[in-house]
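S.K.: First the structure, then my questions, so here it is.
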Amino acid sequence: MFKKILIANRGEIACRIARTCQRLGIDAATVHSEADKGALHVREVGESVHIGPAPASESYLNIEAVVAAAKSVGADAVHPGYGFLSENPAFAEAVGAAGLTFIGPSAEVLRQFGDKAAAKAAAKAAGVATVPGSQDASDDPAAILAELQAMTLPALLKAVGGGGGKGTRVVTDMAGAEADIEAAMREGRNSFADGRLLVEEFLPEARHVEVQILGDGQGKVLHLMERECSLQRRHQKVVEEAPALNLSPALRTQLLDSAVALGRAVNYLGLGTVEFIVKDDRAYFLEVNPRLQVEHPVTEMITGLDLIELQILAVAGHGIALEQDQITTTGHAVEARIYAEDPAQDFLPSTGTIVQLSLPHDELRVDTGIAAGMAITPYYDPMVAKLITHGRDRTAALTKLVAGLERFSISGVRDNSAFLRALLRTPEVRESAGDTGLIDRKLDQLVAEAAPDGARSAMAAA
């Protein structure tokens with residue numbers, strides 16, 4: 001077992017990983033930028049190394065500084081959390097070159113799944129259904145245009161290194177296709193240093209369902225059931241839940257079996273998530289996130305498992321003690337992400353010092369890396385907390401979550417809690433009939449409902 005783990009991250013996920021390390025008797029240390037020297041994760045973990053100025057590019061994304069920090073505290077392993085360097089193969093290689101263990105899959109697997117074209121090829125080779133369209137990516141505008149001309153519109157342009165909607169364009173009219181291609185390629189180069197694009201059939205009003213997998217790196221791969229992540233705004237998840245409802249038994253089996261087959265094909269190590277687009281009772285491979293997910297708590301709540309513990313044990317060489325038939329679920333869980341942002345201003349991040357913060361810890365699970373007196377800065381993701389509820393069924397879990405959001409309060413920055421309450425009360429969400437386009441279709445209505453009384457009247461009049 002590892003003696004000491006450096007947590008190469010910040011905020012709520014650094015605090016979350018540290019709690020599992022403490023329970024397992026593993027010493028933990030973390031890192032911080034100049035802006036985070038008084039952060040909650042620094043205070044809770046207790047030992048932290050300053051790795052650079054506030055900008056992430058000079059601190060949390062500085063491979064050399066993070067590896068040096070791990071060596072300076074005597075760590076024998078590094079946990080990357082999510083975001084930052086968690087999917088960076090060069091970081092995994094640097095950790096290994098320093099004689100330490102990277103708590104995640106191999107650099108080769110990270111590299112393969114970081115390229116959407118390579119990931120799609122791996123899925124197809126494993127017998128997993130993929131979205132109809134091009135199999136090979138291209139950075140030749142003429143070749144991409146020819147692919148579009150051979151398809152029925154609308155079609156999707158997708159950057160191979162993309163994520164969070166960056167480098168994607170929906171082509172609805174060939175008259176604007178060349179401009180769409182140029183824009184998607186430019187965004188891909190600027191965001192991921194790769195302008196290659198895939199062309200795929202666009203599937204509007206589809207669902208986003210993902211499967212959690214766990215592998216031992218030797219071919220044993222289990223699934224830890226599925227999650228519903230269809231409630232998204234501009235390709236960013238807002239609310240997640242488990243299990244996914246309204247799936248036929250055959251489709252659920254296809255999803256779970258496909259995820260396991262792909263994991264086995266690459267000898268997957270640790271935690272990963274295989275994501276699918278579901279449309280008309282058919283599922284298509286979307287991508288693999290080869291790391292811990294923000295929404296992992298809903299899987300923990302229905303299975304009773306500590307996913308980070310399973311991840312650490314698998315990577316440490318202890319294998320997977322569980323068998324597939326031992327993984328069972330109870331009830332339903334839902335997670336909502338509270339951000340310091342202003343829905344009325346196009347969800348612009350809200351920065352400033354938190355004067356007051358009240359979180360409903362007594363009635364539901366709260367994962368946070370923020371406390372009163374701390375500042376929300378412009379340098380990092382402005383997440384305040386994740387509220388997670390569990391109930392005997394979906395209705396009970398949603399009722400608890402809305403009640404928790406009503407009890408949440410913060411001052412000093414704006415937040416999206418009222419927007420989340422409005423979303424959770426919509427008929428489509430209550431009936432588990434949401435899709436990836438629901439929020440964007442109802443955005444104006446949800447923002448108006450979330451506005452304070454005076455502002456709501458003004459918006460309605462406008």
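Chain identifiers are assigned as A, B, and so on, following the order in which chains appear in the structure tokens; residues are numbered from 1 within each chain, and ligands are numbered from 1 in order of appearance.
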Using only C-alpha atoms, tabulate the residues of range 285-388 of chain A lying at most 10 Å from any atom of range 112-115 of chain A, each with its closest atom pair and that distance in Å to one decimal, by chain and increasing residue number, as JSON lines.
M.R.:
```
{"residue": "A:Glu287", "atom": "CA", "partner": "A:Phe113", "partner_atom": "CA", "distance": 7.4}
{"residue": "A:Val288", "atom": "CA", "partner": "A:Phe113", "partner_atom": "CA", "distance": 6.0}
{"residue": "A:Asn289", "atom": "CA", "partner": "A:Phe113", "partner_atom": "CA", "distance": 7.4}
{"residue": "A:Pro290", "atom": "CA", "partner": "A:Phe113", "partner_atom": "CA", "distance": 7.2}
```
S.K.: Between range 200-272 of chain A and range 403-426 of chain A, at 10 Å or less, what are the per-residue closest atom pairs and their distances in Å? Count only C-alpha atoms, order by chain and rising residue number, and return it as a Markdown table.
M.R.:
```
| residue | atom | partner | partner_atom | distance |
| --- | --- | --- | --- | --- |
| A:Leu231 | CA | A:Leu423 | CA | 9.1 |
| A:Val238 | CA | A:Leu420 | CA | 8.3 |
| A:Val239 | CA | A:Leu420 | CA | 8.4 |
```
S.K.: Write to file, as a PDB file, in the first residue's frame, the residues of the selection just made, with N, CA, C and O atoms.
M.R.:
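Dumped to part17.pdb:
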```pdb
ATOM      1  N   LEU A 231     -28.804  16.598 -18.129  1.00  0.00           N
ATOM      2  CA  LEU A 231     -29.093  18.002 -17.833  1.00  0.00           C
ATOM      3  C   LEU A 231     -27.810  18.801 -17.937  1.00  0.00           C
ATOM      4  O   LEU A 231     -27.001  18.853 -17.016  1.00  0.00           O
ATOM      5  N   VAL A 238     -24.843  19.847 -15.354  1.00  0.00           N
ATOM      6  CA  VAL A 238     -25.389  20.691 -14.294  1.00  0.00           C
ATOM      7  C   VAL A 238     -25.927  19.843 -13.151  1.00  0.00           C
ATOM      8  O   VAL A 238     -25.690  20.118 -11.984  1.00  0.00           O
ATOM      9  N   VAL A 239     -26.683  18.801 -13.503  1.00  0.00           N
ATOM     10  CA  VAL A 239     -27.257  17.871 -12.527  1.00  0.00           C
ATOM     11  C   VAL A 239     -26.982  16.454 -13.006  1.00  0.00           C
ATOM     12  O   VAL A 239     -27.119  16.169 -14.206  1.00  0.00           O
TER      13      VAL A 239
END
```
S.K.: Which residue gives the smallest distance to Ala18 in chain A among A:Val78, A:Ile213, A:Val170, A:Leu443, with only C-alpha atoms counted?
M.R.: A:Val78
S.K.: From a backbone DSSP assignment, name each residue in range 271-336 of chain A labelled strand (DSSP E), as a list in words.
M.R.: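 These are the residues in question: Leu271, Gly272, Thr273, Val274, Glu275, Phe276, Ile277, Val278, Lys279, Arg282, Ala283, Tyr284, Phe285, Leu286, Glu287, Val288, Asn289, His332, Ala333, Val334, Glu335 and Ala336 of chain A.
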S.K.: Any idea what the distance is between CA of Glu205 in chain A and CA of Asp281 in chain A?
M.R.: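 One can read the CA of Glu205 in chain A to CA of Asp281 in chain A distance as 12.5 Å.
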S.K.: Go through A:Met225, A:Ala448, A:Val274, A:Ala397 and flag the residue nearest Gln326 in chain A, using only C-alpha atoms for the distances.
M.R.: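 For Gln326 in chain A, the nearest of the candidates is A:Met225.
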S.K.: Would you kindly return, as a VMD selection string, each protein, DNA or RNA residue with an atom no farther than 8 Å from any atom of His50 in chain A, considering only C-alpha atoms and excluding same-chain residues fewer than 6 positions away?
M.R.: chain A and resid 31 to 34 37
S.K.: Convert the current residue selection to file output with C-alpha atoms, as a compact mmCIF listing (two decimals), in the first residue's frame.
M.R.:
```
# COMPACT_ATOMS: atom_id res chain seq x y z
CA VAL A 31 -0.19 21.61 -3.44
CA HIS A 32 -1.32 25.21 -3.70
CA SER A 33 -0.82 28.32 -5.77
CA GLU A 34 -0.23 31.78 -4.37
CA LYS A 37 -2.37 29.64 0.26
```
S.K.: Find, counting only C-alpha atoms, the residue in A:Ile144, A:Ile320, A:Leu222, A:Val334 that gets nearest to Thr399 in chain A.
M.R.: A:Val334
S.K.: At a cut-off of 8 Å, can you tabulate as a Markdown table every residue of range 86-163 of chain A near range 245-264 of chain A together with its closest atom pair and the distance in Å to one decimal, using only C-alpha atoms and ordering rows by chain then number?
M.R.:
```
| residue | atom | partner | partner_atom | distance |
| --- | --- | --- | --- | --- |
| A:Ala122 | CA | A:Leu262 | CA | 7.4 |
| A:Ala123 | CA | A:Leu262 | CA | 6.0 |
| A:Ala126 | CA | A:Leu262 | CA | 5.6 |
| A:Gly127 | CA | A:Ser258 | CA | 7.5 |
| A:Val128 | CA | A:Ser258 | CA | 5.6 |
```
S.K.: May I have the selected residues written with C-alpha atoms, as a PDB file, in the first residue's frame?
M.R.:
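Writing the result to part.pdb gives the following:
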```pdb
ATOM      1  CA  ALA A 122     -10.742   1.690 -30.018  1.00  0.00           C
ATOM      2  CA  ALA A 123     -14.455   1.545 -29.280  1.00  0.00           C
ATOM      3  CA  ALA A 126     -14.068  -3.529 -29.146  1.00  0.00           C
ATOM      4  CA  GLY A 127     -17.451  -3.966 -30.819  1.00  0.00           C
ATOM      5  CA  VAL A 128     -19.003  -0.843 -29.317  1.00  0.00           C
TER       6      VAL A 128
END
```
S.K.: Among range 52-260 of chain A, which ones does DSSP place in alpha helix (DSSP H), written as a ChimeraX atom specification?
M.R.: /A:63-72,89-97,107-113,116-125,141-149,177-192,249-260
S.K.: Counting only C-alpha atoms, which of A:Ala177, A:Ala107, A:Leu292, A:Ile7 gets nearest to Pro89 in chain A?
M.R.: A:Ala107
S.K.: A:Glu187, A:Glu309, A:Glu323, A:Glu200: which is nearest Leu271 in chain A, counting only C-alpha atoms?
M.R.: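 Checking each of A:Glu187, A:Glu309, A:Glu323, A:Glu200 against Leu271 in chain A, counting only C-alpha atoms, the winner is A:Glu309.
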S.K.: Closest to Ala336 in chain A among A:Phe276, A:Cys229, A:Ala372, A:Gln324, using only C-alpha atoms?
M.R.: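 Looking at the shortest contact to Ala336 in chain A, the residue is A:Cys229.
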